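The file coords.txt comes next; it holds compact mmCIF, C-alpha atoms.
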```
# COMPACT_ATOMS: atom_id res chain seq x y z
CA MET J 1 224.60 252.91 -12.35
CA LEU J 2 224.68 256.58 -11.59
CA GLU J 3 228.40 257.17 -11.27
CA LEU J 4 229.32 255.15 -14.30
CA ARG J 5 226.95 257.24 -16.34
CA MET J 6 228.37 260.40 -14.83
CA LYS J 7 232.12 260.14 -14.71
CA TYR J 8 232.47 263.56 -13.18
CA ALA J 9 230.55 262.44 -10.09
CA LEU J 10 232.96 259.57 -9.45
CA ASN J 11 235.97 261.78 -9.98
CA GLY J 12 234.35 264.40 -7.79
CA ILE J 13 234.11 261.99 -4.86
CA LEU J 14 237.70 260.87 -5.37
CA LEU J 15 238.89 264.45 -5.40
CA TYR J 16 236.76 265.15 -2.33
CA VAL J 17 238.42 262.37 -0.35
CA ILE J 18 241.93 263.25 -1.44
CA SER J 19 241.51 266.93 -0.75
CA THR J 20 240.02 266.22 2.67
CA VAL J 21 243.02 264.08 3.51
CA PHE J 22 245.28 266.83 2.22
CA VAL J 23 243.54 269.47 4.31
CA CYS J 24 243.99 267.24 7.34
CA TYR J 25 247.64 266.87 6.45
CA LEU J 26 248.06 270.65 6.19
CA SER J 27 246.38 271.25 9.51
CA PHE J 28 247.82 268.33 11.48
CA ARG J 29 251.20 267.76 9.73
CA SER J 30 251.73 264.40 11.32
CA VAL J 31 249.62 262.61 13.85
CA ILE J 32 251.53 260.64 16.43
CA GLN J 33 248.69 259.70 18.73
CA PRO J 34 247.00 256.51 17.46
CA THR J 35 243.64 257.57 18.89
CA THR J 36 243.60 260.84 16.99
CA TRP J 37 244.86 259.16 13.82
CA ASN J 38 242.11 256.60 14.05
CA SER J 39 239.24 258.98 14.80
CA LEU J 40 240.33 261.41 12.10
CA PHE J 41 240.44 258.64 9.55
CA TRP J 42 236.97 257.37 10.36
CA ILE J 43 235.46 260.83 10.42
CA ILE J 44 236.83 261.43 6.93
CA MET J 45 235.35 258.09 5.89
CA LEU J 46 231.97 258.94 7.40
CA PHE J 47 231.58 262.16 5.47
CA ALA J 48 233.01 260.67 2.30
CA SER J 49 230.45 257.88 2.51
CA ILE J 50 227.57 260.31 2.97
CA ASN J 51 228.75 262.28 -0.04
CA ALA J 52 229.30 259.22 -2.16
CA VAL J 53 226.25 257.15 -1.38
CA ALA J 54 223.63 259.82 -0.75
CA LYS J 55 223.50 260.42 -4.46
CA SER J 56 222.40 256.89 -5.27
CA PHE J 57 218.70 257.70 -5.20
CA MET J 58 218.61 261.45 -4.72
CA GLN J 59 220.11 262.47 -7.99
CA GLU J 60 218.10 260.10 -10.12
CA SER J 61 215.47 261.95 -12.05
CA ARG J 62 211.87 260.87 -11.66
CA GLY J 63 211.69 259.67 -15.23
CA ARG J 64 214.78 257.56 -14.96
CA GLN J 65 213.52 255.91 -11.79
CA LEU J 66 210.30 254.98 -13.54
CA TYR J 67 212.28 253.64 -16.47
CA MET J 68 214.36 251.47 -14.17
CA HIS J 69 211.25 250.08 -12.54
CA THR J 70 209.92 248.98 -15.90
CA LEU J 71 213.19 247.19 -16.59
CA ALA J 72 213.78 245.34 -13.34
CA SER J 73 212.04 244.28 -10.16
CA PRO J 74 212.50 246.49 -7.08
CA GLN J 75 214.44 243.73 -5.33
CA ALA J 76 216.90 243.59 -8.19
CA ILE J 77 217.27 247.38 -8.16
CA ILE J 78 217.98 247.65 -4.44
CA LEU J 79 220.36 244.70 -4.45
CA SER J 80 222.31 246.08 -7.37
CA LYS J 81 222.40 249.51 -5.76
CA ILE J 82 223.70 248.05 -2.51
CA ILE J 83 226.32 245.93 -4.25
CA TYR J 84 227.43 248.84 -6.37
CA ASN J 85 227.63 251.19 -3.40
CA VAL J 86 229.52 248.64 -1.32
CA LEU J 87 232.08 248.19 -4.09
CA LEU J 88 232.31 251.94 -4.54
CA MET J 89 232.85 252.54 -0.84
CA ILE J 90 235.41 249.73 -0.54
CA SER J 91 237.52 251.14 -3.34
CA LEU J 92 237.06 254.63 -1.98
CA SER J 93 238.15 253.58 1.51
CA LEU J 94 241.21 251.77 0.17
CA ILE J 95 242.21 254.86 -1.81
CA CYS J 96 241.56 257.02 1.23
CA PHE J 97 243.70 254.72 3.40
CA LEU J 98 246.48 254.84 0.83
CA PHE J 99 246.58 258.63 0.68
CA TYR J 100 246.05 258.97 4.40
CA SER J 101 249.05 256.80 5.19
CA LEU J 102 251.03 258.57 2.46
CA PHE J 103 250.45 262.06 3.83
CA ILE J 104 249.82 261.63 7.53
CA GLY J 105 251.73 258.44 8.14
CA ASN J 106 250.76 254.86 8.75
CA LEU J 107 250.50 253.79 12.37
CA VAL J 108 248.72 250.51 11.74
CA GLN J 109 250.56 247.45 13.00
CA ASP J 110 248.08 244.79 11.99
CA ILE J 111 247.31 245.78 8.42
CA PRO J 112 245.18 242.75 7.32
CA MET J 113 242.93 243.30 10.31
CA PHE J 114 242.63 246.99 9.51
CA ILE J 115 241.74 246.23 5.89
CA LEU J 116 239.10 243.74 7.03
CA CYS J 117 237.72 246.42 9.29
CA LEU J 118 237.71 248.86 6.36
CA LEU J 119 235.79 246.38 4.21
CA LEU J 120 233.14 245.71 6.83
CA GLY J 121 232.88 249.37 7.71
CA SER J 122 232.43 250.61 4.19
CA ALA J 123 229.92 247.83 3.51
CA GLY J 124 227.98 248.88 6.60
CA PHE J 125 228.03 252.59 5.76
CA SER J 126 226.92 252.05 2.22
CA SER J 127 224.11 249.61 2.97
CA VAL J 128 222.66 251.88 5.67
CA LEU J 129 222.99 254.94 3.46
CA THR J 130 221.46 253.22 0.43
CA LEU J 131 218.27 252.42 2.33
CA MET J 132 218.15 255.88 3.90
CA SER J 133 218.75 257.50 0.55
CA ALA J 134 215.84 255.51 -0.86
CA ILE J 135 213.61 256.70 1.99
CA ALA J 136 214.77 260.31 1.79
CA SER J 137 214.31 260.43 -1.97
CA ARG J 138 210.60 259.78 -1.35
CA THR J 139 210.46 263.07 0.54
CA ASN J 140 211.52 265.19 -2.39
CA GLY J 141 215.23 264.60 -1.96
CA ASN J 142 215.76 266.30 1.35
CA LEU J 143 219.46 266.02 2.22
CA THR J 144 219.02 267.15 5.83
CA LEU J 145 216.48 264.42 6.38
CA MET J 146 218.94 261.91 5.00
CA ALA J 147 221.48 262.94 7.64
CA ILE J 148 218.90 262.81 10.43
CA LEU J 149 217.70 259.38 9.38
CA SER J 150 221.07 257.75 8.95
CA PHE J 151 223.14 259.34 11.73
CA PRO J 152 221.67 257.43 14.66
CA VAL J 153 222.48 254.16 12.92
CA GLN J 154 225.89 255.25 11.73
CA VAL J 155 227.11 256.42 15.11
CA PRO J 156 227.18 252.97 16.76
CA LEU J 157 228.66 251.57 13.57
CA LEU J 158 231.36 254.22 13.75
CA MET J 159 232.02 253.55 17.45
CA THR J 160 232.44 249.83 16.84
CA LEU J 161 234.68 250.49 13.85
CA ILE J 162 236.87 252.88 15.82
CA ARG J 163 237.27 250.31 18.54
CA VAL J 164 238.21 247.46 16.20
CA SER J 165 240.58 249.55 14.15
CA LYS J 166 242.20 250.82 17.34
CA ASN J 167 242.88 247.19 18.21
CA ALA J 168 244.35 246.69 14.74
CA ILE J 169 246.52 249.80 15.09
CA ASP J 170 247.87 248.64 18.41
CA GLY J 171 248.52 245.24 16.89
CA LEU J 172 246.50 243.39 19.50
CA ASP J 173 245.76 239.74 19.06
CA PRO J 174 242.93 239.30 16.49
CA SER J 175 240.92 237.22 18.93
CA VAL J 176 240.18 240.43 20.87
CA SER J 177 238.38 241.91 17.88
CA TYR J 178 236.33 238.93 16.72
CA LYS J 179 233.34 239.97 18.80
CA PHE J 180 233.25 243.44 17.23
CA LEU J 181 233.72 242.05 13.74
CA ILE J 182 230.71 239.81 14.35
CA ILE J 183 228.70 242.86 15.45
CA LEU J 184 229.66 244.73 12.29
CA PHE J 185 228.81 241.77 10.12
CA LEU J 186 225.49 241.36 11.92
CA ILE J 187 224.51 244.99 11.34
CA ASN J 188 225.45 244.69 7.66
CA VAL J 189 223.39 241.55 7.15
CA VAL J 190 220.38 242.93 9.01
CA VAL J 191 220.36 246.22 7.12
CA ALA J 192 220.80 244.54 3.74
CA THR J 193 217.99 242.08 4.45
CA LEU J 194 215.69 244.83 5.64
CA SER J 195 216.32 246.92 2.54
CA TYR J 196 215.66 243.88 0.37
CA ILE J 197 212.33 243.24 2.07
CA LEU J 198 211.19 246.84 2.49
CA PHE J 199 212.30 248.53 -0.70
CA PRO J 200 209.43 247.19 -2.86
CA TYR J 201 206.99 249.06 -0.60
CA LEU J 202 208.90 252.29 -1.03
CA CYS J 203 208.76 252.42 -4.78
CA ARG J 204 205.06 251.67 -5.15
CA ASP J 205 203.33 254.84 -6.24
CA MET C 1 180.27 240.97 28.88
CA GLN C 2 181.09 244.54 29.70
CA LYS C 3 177.62 245.16 31.08
CA PHE C 4 178.68 243.25 34.16
CA PHE C 5 180.97 246.05 35.11
CA ASN C 6 178.73 248.66 36.63
CA LEU C 7 181.71 250.96 37.08
CA GLN C 8 181.71 251.52 33.38
CA LEU C 9 178.16 252.79 33.50
CA ALA C 10 178.97 255.06 36.40
CA PHE C 11 182.07 256.75 35.03
CA GLY C 12 181.99 255.97 31.33
CA LEU C 13 185.30 254.20 31.58
CA GLU C 14 186.02 250.68 30.52
CA TRP C 15 187.12 248.20 33.17
CA TRP C 16 190.72 247.96 32.05
CA LYS C 17 191.18 251.68 32.51
CA PHE C 18 190.27 251.27 36.16
CA LEU C 19 192.75 248.42 36.26
CA ALA C 20 195.41 250.74 34.79
CA ILE C 21 194.75 253.45 37.39
CA ALA C 22 194.71 250.90 40.18
CA LEU C 23 197.90 249.17 39.11
CA VAL C 24 199.86 252.39 38.59
CA LEU C 25 198.69 253.75 41.95
CA TYR C 26 199.56 250.40 43.52
CA ALA C 27 203.03 250.57 42.00
CA LEU C 28 203.53 254.19 43.05
CA ILE C 29 202.38 253.76 46.63
CA GLY C 30 203.41 250.16 47.21
CA GLY C 31 206.73 250.71 45.52
CA LEU C 32 207.61 253.43 47.99
CA LEU C 33 206.27 251.74 51.12
CA ILE C 34 206.95 248.03 50.92
CA ASP C 35 210.21 246.66 52.36
CA VAL C 36 212.98 246.05 49.88
CA PRO C 37 216.00 243.79 50.26
CA ALA C 38 218.99 245.76 51.54
CA LEU C 39 221.74 245.46 48.95
CA PRO C 40 225.14 247.10 48.77
CA ILE C 41 225.45 250.16 46.46
CA LEU C 42 221.77 250.01 45.48
CA HIS C 43 220.25 250.45 48.94
CA GLU C 44 216.89 252.17 48.69
CA THR C 45 217.39 253.17 45.06
CA ILE C 46 216.31 249.65 44.15
CA ARG C 47 212.79 251.03 44.37
CA ASN C 48 213.49 252.70 41.04
CA LEU C 49 213.19 249.21 39.59
CA TYR C 50 209.43 249.64 39.86
CA TYR C 51 209.53 252.74 37.66
CA HIS C 52 212.57 252.70 35.41
CA VAL C 53 212.48 249.06 34.36
CA THR C 54 208.72 248.86 34.13
CA GLN C 55 208.56 251.97 31.95
CA TRP C 56 211.08 250.47 29.56
CA PHE C 57 209.04 247.27 29.49
CA GLY C 58 205.94 249.29 28.71
CA MET C 59 207.82 251.19 26.02
CA MET C 60 208.96 247.98 24.37
CA ILE C 61 205.44 246.57 24.36
CA ILE C 62 203.93 249.76 22.93
CA LEU C 63 206.62 250.16 20.30
CA PHE C 64 205.98 246.56 19.36
CA VAL C 65 202.33 247.48 18.86
CA SER C 66 203.53 250.29 16.61
CA LEU C 67 205.69 247.85 14.63
CA TRP C 68 202.82 245.41 14.34
CA HIS C 69 200.52 248.05 12.89
CA SER C 70 203.18 249.23 10.48
CA ILE C 71 203.48 245.70 9.16
CA ARG C 72 199.69 245.47 8.97
CA TYR C 73 199.64 248.74 7.05
CA LEU C 74 202.09 247.45 4.49
CA SER C 75 199.98 244.34 3.99
CA ASN C 76 196.55 245.93 3.55
CA PHE C 77 197.07 249.73 3.23
CA LYS C 78 194.32 250.80 5.61
CA MET C 79 194.90 254.28 7.06
CA TYR C 80 193.71 253.09 10.47
CA HIS C 81 196.89 251.05 10.92
CA ASP C 82 199.04 254.03 10.06
CA PHE C 83 197.27 256.13 12.70
CA VAL C 84 197.75 253.47 15.35
CA ALA C 85 201.41 253.04 14.43
CA ALA C 86 202.02 256.79 14.68
CA GLU C 87 200.28 257.23 18.01
CA ALA C 88 201.85 254.12 19.49
CA ALA C 89 205.26 255.45 18.48
CA ASN C 90 204.42 258.79 20.11
CA VAL C 91 203.42 257.15 23.38
CA GLY C 92 206.40 254.79 23.18
CA ILE C 93 208.77 257.72 22.79
CA TYR C 94 207.12 259.46 25.72
CA MET C 95 207.62 256.41 27.92
CA GLY C 96 211.15 256.05 26.61
CA ILE C 97 211.94 259.60 27.73
CA LEU C 98 210.47 258.84 31.17
CA GLY C 99 212.55 255.67 31.29
CA ILE C 100 215.74 257.45 30.34
CA VAL C 101 215.16 260.21 32.92
CA THR C 102 214.45 257.75 35.74
CA GLY C 103 217.43 255.70 34.59
CA SER C 104 219.61 258.79 34.67
CA VAL C 105 218.54 259.57 38.25
CA TRP C 106 219.28 255.99 39.22
CA ALA C 107 222.69 256.15 37.57
CA LYS C 108 223.50 259.32 39.53
CA PHE C 109 222.90 257.60 42.85
CA THR C 110 224.49 254.25 42.10
CA TRP C 111 227.24 254.90 39.56
CA GLY C 112 227.86 258.52 40.56
CA ALA C 113 227.08 260.30 37.29
CA TRP C 114 223.97 261.31 35.39
CA TRP C 115 225.28 259.69 32.25
CA VAL C 116 227.85 256.93 31.87
CA SER C 117 229.30 256.05 28.51
CA ASP C 118 228.01 252.54 28.39
CA ALA C 119 226.77 250.26 25.62
CA LYS C 120 223.27 250.00 27.02
CA LEU C 121 222.87 253.70 27.80
CA ASN C 122 224.21 254.88 24.49
CA GLY C 123 222.05 252.28 22.77
CA ALA C 124 219.02 253.71 24.53
CA ALA C 125 219.92 257.26 23.50
CA ILE C 126 220.45 256.21 19.90
CA THR C 127 217.16 254.33 19.84
CA LEU C 128 215.38 257.47 21.01
CA LEU C 129 217.16 259.47 18.31
CA ILE C 130 216.00 256.98 15.68
CA TYR C 131 212.43 257.34 16.86
CA PHE C 132 212.71 261.14 16.86
CA ALA C 133 213.90 260.81 13.27
CA TYR C 134 210.76 258.75 12.63
CA LEU C 135 208.60 261.64 13.85
CA ILE C 136 210.50 264.15 11.72
CA LEU C 137 210.19 261.87 8.71
CA ARG C 138 206.45 261.69 9.22
CA ASN C 139 206.14 265.45 9.43
CA SER C 140 208.23 266.04 6.34
CA MET C 141 205.61 264.57 4.00
CA ASP C 142 202.20 265.96 3.14
CA GLU C 143 200.73 263.29 0.97
CA GLU C 144 198.92 260.91 3.26
CA GLN C 145 199.36 257.58 1.53
CA LYS C 146 203.00 258.18 0.79
CA ARG C 147 203.69 259.32 4.33
CA ALA C 148 202.03 256.23 5.73
CA ARG C 149 204.04 253.93 3.49
CA VAL C 150 207.45 255.53 4.00
CA ALA C 151 206.86 255.90 7.74
CA ALA C 152 205.86 252.26 8.03
CA VAL C 153 209.05 251.20 6.28
CA TYR C 154 211.19 253.36 8.55
CA ASN C 155 209.30 252.16 11.61
CA ILE C 156 210.13 248.54 10.85
CA PHE C 157 213.75 249.56 10.38
CA ALA C 158 213.68 251.52 13.65
CA PHE C 159 212.32 248.63 15.68
CA THR C 160 214.93 246.26 14.29
CA MET C 161 217.63 248.73 15.29
CA LEU C 162 216.04 248.96 18.74
CA ILE C 163 216.36 245.20 19.14
CA ILE C 164 219.99 245.34 18.04
CA PHE C 165 221.01 248.33 20.15
CA LEU C 166 219.11 247.49 23.31
CA MET C 167 219.08 243.71 23.35
CA VAL C 168 221.97 242.39 21.28
CA LEU C 169 224.87 244.85 21.42
CA PRO C 170 224.94 245.44 25.20
CA ARG C 171 225.10 241.69 25.73
CA LEU C 172 228.11 241.38 23.46
CA THR C 173 230.12 244.24 24.89
CA ASP C 174 231.03 245.28 28.41
CA SER C 175 228.29 247.04 30.26
CA LEU C 176 227.66 248.32 33.74
CA HIS C 177 223.97 247.81 33.30
CA PRO C 178 222.55 244.71 35.02
CA GLY C 179 221.76 241.84 32.71
CA ASN C 180 224.45 242.82 30.22
CA GLY C 181 228.11 242.25 29.60
CA GLY C 182 228.26 239.29 31.92
CA ASN C 183 226.44 240.99 34.81
CA PRO C 184 223.48 238.99 36.01
CA GLY C 185 220.07 240.63 35.63
CA PHE C 186 218.00 241.62 38.62
CA GLY C 187 215.83 238.56 38.35
CA GLY C 188 218.89 236.40 38.83
CA TYR C 189 219.70 237.05 42.45
CA ASP C 190 217.85 239.77 44.22
CA LEU C 191 214.35 240.10 42.88
CA ASP C 192 212.64 238.49 45.83
CA ASN C 193 208.96 237.66 45.94
CA THR C 194 207.70 240.89 47.45
CA MET C 195 209.44 242.83 44.71
CA LYS C 196 207.90 240.64 42.04
CA LEU C 197 204.55 241.37 43.63
CA ILE C 198 204.94 245.00 42.62
CA PHE C 199 207.14 244.66 39.56
CA TYR C 200 204.81 242.67 37.31
CA PRO C 201 201.62 244.60 38.16
CA ALA C 202 203.58 247.79 37.51
CA VAL C 203 204.57 246.56 34.04
CA ILE C 204 200.95 245.80 33.24
CA GLY C 205 199.84 249.11 34.76
CA TRP C 206 202.23 251.27 32.74
CA THR C 207 201.40 249.37 29.57
CA LEU C 208 197.66 249.79 30.08
CA LEU C 209 198.15 253.48 30.84
CA GLY C 210 200.14 253.76 27.60
CA VAL C 211 197.39 252.01 25.66
CA TRP C 212 194.85 254.37 27.17
CA LEU C 213 196.89 257.42 26.24
CA MET C 214 197.33 255.98 22.77
CA GLN C 215 193.62 255.43 22.40
CA VAL C 216 192.81 259.04 23.32
CA CYS C 217 195.41 260.38 20.87
CA LEU C 218 194.10 258.00 18.24
CA ARG C 219 190.55 259.31 18.67
CA ILE C 220 191.75 262.90 18.28
CA ARG C 221 193.67 261.97 15.16
CA THR C 222 190.77 260.06 13.63
CA LEU C 223 188.38 262.94 14.35
CA ASN C 224 190.76 265.44 12.79
CA HIS C 225 191.06 263.20 9.78
CA LYS C 226 187.27 262.96 9.43
CA LEU C 227 187.00 266.73 9.80
CA LEU C 228 189.55 267.20 7.05
CA ILE C 229 187.66 264.89 4.72
CA LYS C 230 184.39 266.68 5.54
CA GLN C 231 185.90 270.03 4.62
CA PHE C 232 186.69 268.85 1.14
CA LYS C 233 183.30 267.31 0.50
```
Would you write the structure of this file as structure tokens?
Amino acid sequence: MLELRMKYALNGILLYVISTVFVCYLSFRSVIQPTTWNSLFWIIMLFASINAVAKSFMQESRGRQLYMHTLASPQAIILSKIIYNVLLMISLSLICFLFYSLFIGNLVQDIPMFILCLLLGSAGFSSVLTLMSAIASRTNGNLTLMAILSFPVQVPLLMTLIRVSKNAIDGLDPSVSYKFLIILFLINVVVATLSYILFPYLCRD
Amino acid sequence: MQKFFNLQLAFGLEWWKFLAIALVLYALIGGLLIDVPALPILHETIRNLYYHVTQWFGMMIILFVSLWHSIRYLSNFKMYHDFVAAEAANVGIYMGILGIVTGSVWAKFTWGAWWVSDAKLNGAAITLLIYFAYLILRNSMDEEQKRARVAAVYNIFAFTMLIIFLMVLPRLTDSLHPGNGGNPGFGGYDLDNTMKLIFYPAVIGWTLLGVWLMQVCLRIRTLNHKLLIKQFK
């Protein structure tokens, strides 16, 4: 898809994440408070996801979009976009976690739980943003609109994520977090299904 | 059928509009005068049940109308459905704001603060934000057909999120709000029969008032649309 065709875009996002982490390192040195560590991490992830996924429809030229529609059905396009963005965000979040713990320090006690939370979170961010990017691209690629449309949905996602990952950091028993993981999974499934159903209507012109 | 209602001939209003006025007045006056069960913490603020809860009920019904017309629009692409969806969303947002203000007043007198960080309350705020985004999205596009289509898609998304944030999430997490997070709802233990006598008519009254408001806005929009078409002919 887009980033594989444009290597510089992929590298750009990587550099963006790493330099953000580095700036945080320079300004915070080391974070001892788990709450701050956690919130800082997820805020970095939020903005990285907007930067990474917003491009998926916005930067496609009109001609290329038309070309894609002649090649594949809209359902296939949106599904492949979502899958690609989810994979992109998952790898991005793992890299971000790696550098974050390298520079700022790793406070997580229950690492498998945290990774699971990362996976669900990046899947959620990217599926919401893919749909919103598709909608916003219909309005002449307005980036502000994209933020307005996706923020209300991302905030609860972010709140839930922060709560689960806080549990993982404190090393609480996993059974405490199951409920929140189910919520995250639910939002992911709902958003992906909605985009699958609704996207064909968006690309009719 | 409607000829039987002489009132309509006298005032030019349809019968259900009289019903709306009557029910809302009934809720306003009756809600303040009729005896309510004395409960700890709530005391007299329980009267807010007639306004806060009923307005949210009305909002849900009217936003559902908006959703329904968005779906209809996507299945047959008639502009009429887009107009209804837009106006219903407008009225729904208006009722939502009323609901959130009355809820905030209620929270002040029972929980001690205008706003409590709570799953249900934050869900309500986020839902309103999503619907505001819907309005901005509508205004950001000029081309009519495209606007209708994109707005319909976002509207369906918005309503689904409303269901999740208002109905599902608060039930899964801890919440102060009655009916959520393990707390029983009002109906469970203290909604006695006199309260029901006002509560349900009030729901119908607010909804009818919302439909009325929607109809007036819809007429203005349709007329403007016709005017616009006339100008280009």
Legend entry - Between atom CA of Trp206 of chain C and atom CA of Val116 of chain C, distance in Å (one decimal): 26.3 Å
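Atom CA of Ile90 of chain J is found 10.6 Å from atom CA of Cys117 of chain J.
The residue that comes closest to chain J, out of C:Asp82, C:Glu143, C:Glu87, C:Glu14 and on the basis of all atoms listed in the file, is C:Glu143.
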Within 12 Å of chain C, which residues of chain J come that close, and what is the closest atom pair and distance in Å for each? Count only C-alpha atoms and give it as JSON lines.
```
{"residue": "J:Val128", "atom": "CA", "partner": "C:Phe157", "partner_atom": "CA", "distance": 10.3}
{"residue": "J:Leu131", "atom": "CA", "partner": "C:Tyr154", "partner_atom": "CA", "distance": 9.5}
{"residue": "J:Met132", "atom": "CA", "partner": "C:Tyr154", "partner_atom": "CA", "distance": 8.7}
{"residue": "J:Ser133", "atom": "CA", "partner": "C:Tyr154", "partner_atom": "CA", "distance": 11.8}
{"residue": "J:Ala134", "atom": "CA", "partner": "C:Val150", "partner_atom": "CA", "distance": 9.7}
{"residue": "J:Ile135", "atom": "CA", "partner": "C:Val150", "partner_atom": "CA", "distance": 6.6}
{"residue": "J:Ala136", "atom": "CA", "partner": "C:Leu137", "partner_atom": "CA", "distance": 8.4}
{"residue": "J:Ser137", "atom": "CA", "partner": "C:Val150", "partner_atom": "CA", "distance": 10.3}
{"residue": "J:Arg138", "atom": "CA", "partner": "C:Val150", "partner_atom": "CA", "distance": 7.5}
{"residue": "J:Thr139", "atom": "CA", "partner": "C:Met141", "partner_atom": "CA", "distance": 6.1}
{"residue": "J:Asn140", "atom": "CA", "partner": "C:Met141", "partner_atom": "CA", "distance": 8.7}
{"residue": "J:Gly141", "atom": "CA", "partner": "C:Ser140", "partner_atom": "CA", "distance": 11.0}
{"residue": "J:Asn142", "atom": "CA", "partner": "C:Ser140", "partner_atom": "CA", "distance": 9.0}
{"residue": "J:Leu143", "atom": "CA", "partner": "C:Ser140", "partner_atom": "CA", "distance": 12.0}
{"residue": "J:Thr144", "atom": "CA", "partner": "C:Leu137", "partner_atom": "CA", "distance": 10.7}
{"residue": "J:Leu145", "atom": "CA", "partner": "C:Leu137", "partner_atom": "CA", "distance": 7.2}
{"residue": "J:Met146", "atom": "CA", "partner": "C:Leu137", "partner_atom": "CA", "distance": 9.5}
{"residue": "J:Ala147", "atom": "CA", "partner": "C:Ala133", "partner_atom": "CA", "distance": 9.7}
{"residue": "J:Ile148", "atom": "CA", "partner": "C:Ala133", "partner_atom": "CA", "distance": 6.1}
{"residue": "J:Leu149", "atom": "CA", "partner": "C:Ala133", "partner_atom": "CA", "distance": 5.6}
{"residue": "J:Ser150", "atom": "CA", "partner": "C:Ile130", "partner_atom": "CA", "distance": 8.5}
{"residue": "J:Phe151", "atom": "CA", "partner": "C:Ile130", "partner_atom": "CA", "distance": 8.5}
{"residue": "J:Pro152", "atom": "CA", "partner": "C:Ile126", "partner_atom": "CA", "distance": 5.5}
{"residue": "J:Val153", "atom": "CA", "partner": "C:Ile126", "partner_atom": "CA", "distance": 7.6}
{"residue": "J:Gln154", "atom": "CA", "partner": "C:Ile126", "partner_atom": "CA", "distance": 9.9}
{"residue": "J:Val155", "atom": "CA", "partner": "C:Ile126", "partner_atom": "CA", "distance": 8.2}
{"residue": "J:Pro156", "atom": "CA", "partner": "C:Gly123", "partner_atom": "CA", "distance": 7.9}
{"residue": "J:Leu157", "atom": "CA", "partner": "C:Phe165", "partner_atom": "CA", "distance": 10.6}
{"residue": "J:Met159", "atom": "CA", "partner": "C:Ala119", "partner_atom": "CA", "distance": 10.3}
{"residue": "J:Thr160", "atom": "CA", "partner": "C:Thr173", "partner_atom": "CA", "distance": 10.1}
{"residue": "J:Arg163", "atom": "CA", "partner": "C:Thr173", "partner_atom": "CA", "distance": 11.3}
{"residue": "J:Val176", "atom": "CA", "partner": "C:Thr173", "partner_atom": "CA", "distance": 11.5}
{"residue": "J:Ser177", "atom": "CA", "partner": "C:Thr173", "partner_atom": "CA", "distance": 11.1}
{"residue": "J:Tyr178", "atom": "CA", "partner": "C:Leu172", "partner_atom": "CA", "distance": 10.9}
{"residue": "J:Lys179", "atom": "CA", "partner": "C:Leu172", "partner_atom": "CA", "distance": 7.1}
{"residue": "J:Phe180", "atom": "CA", "partner": "C:Thr173", "partner_atom": "CA", "distance": 8.3}
{"residue": "J:Leu181", "atom": "CA", "partner": "C:Leu172", "partner_atom": "CA", "distance": 11.2}
{"residue": "J:Ile182", "atom": "CA", "partner": "C:Leu172", "partner_atom": "CA", "distance": 9.6}
{"residue": "J:Ile183", "atom": "CA", "partner": "C:Leu169", "partner_atom": "CA", "distance": 7.4}
{"residue": "J:Leu184", "atom": "CA", "partner": "C:Leu169", "partner_atom": "CA", "distance": 10.3}
{"residue": "J:Leu186", "atom": "CA", "partner": "C:Ile164", "partner_atom": "CA", "distance": 9.1}
{"residue": "J:Ile187", "atom": "CA", "partner": "C:Ile164", "partner_atom": "CA", "distance": 8.1}
{"residue": "J:Asn188", "atom": "CA", "partner": "C:Met161", "partner_atom": "CA", "distance": 11.6}
{"residue": "J:Val190", "atom": "CA", "partner": "C:Thr160", "partner_atom": "CA", "distance": 8.3}
{"residue": "J:Val191", "atom": "CA", "partner": "C:Phe157", "partner_atom": "CA", "distance": 8.1}
{"residue": "J:Ala192", "atom": "CA", "partner": "C:Phe157", "partner_atom": "CA", "distance": 10.9}
{"residue": "J:Thr193", "atom": "CA", "partner": "C:Phe157", "partner_atom": "CA", "distance": 10.4}
{"residue": "J:Leu194", "atom": "CA", "partner": "C:Phe157", "partner_atom": "CA", "distance": 7.0}
{"residue": "J:Ser195", "atom": "CA", "partner": "C:Phe157", "partner_atom": "CA", "distance": 8.7}
{"residue": "J:Tyr196", "atom": "CA", "partner": "C:Val153", "partner_atom": "CA", "distance": 11.5}
{"residue": "J:Ile197", "atom": "CA", "partner": "C:Val153", "partner_atom": "CA", "distance": 9.6}
{"residue": "J:Leu198", "atom": "CA", "partner": "C:Val153", "partner_atom": "CA", "distance": 6.2}
{"residue": "J:Phe199", "atom": "CA", "partner": "C:Val153", "partner_atom": "CA", "distance": 8.1}
{"residue": "J:Pro200", "atom": "CA", "partner": "C:Val153", "partner_atom": "CA", "distance": 10.0}
{"residue": "J:Tyr201", "atom": "CA", "partner": "C:Arg149", "partner_atom": "CA", "distance": 7.0}
{"residue": "J:Leu202", "atom": "CA", "partner": "C:Val150", "partner_atom": "CA", "distance": 6.2}
{"residue": "J:Cys203", "atom": "CA", "partner": "C:Val150", "partner_atom": "CA", "distance": 9.4}
{"residue": "J:Arg204", "atom": "CA", "partner": "C:Arg149", "partner_atom": "CA", "distance": 9.0}
{"residue": "J:Asp205", "atom": "CA", "partner": "C:Lys146", "partner_atom": "CA", "distance": 7.8}
```
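Rounded to one decimal, atom CA of Cys217 of chain C and atom CA of Leu162 of chain C lie 23.7 Å from each other.
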Inset, instruction - Pick out the residues sitting within 10 Å of Leu118 of chain J, and hand them over as a ChimeraX atom specification; count only C-alpha atoms, and ignore anything fewer than 6 positions along from it in its own chain. - result: /J:42,45,89-91,93-94,97,112,124,161,164-165
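Residues lying at most 10 Å from (201.3, 253.1, 41.6) in file coordinates, with only C-alpha atoms considered, are C:Ala20, C:Ile21, C:Ala22, C:Leu23, C:Val24, C:Leu25, C:Tyr26, C:Ala27, C:Leu28, C:Ile29, C:Gly30, C:Gly31, C:Leu32, C:Tyr50, C:Tyr51, C:Ile198, C:Pro201, C:Ala202, C:Gly205, C:Trp206.
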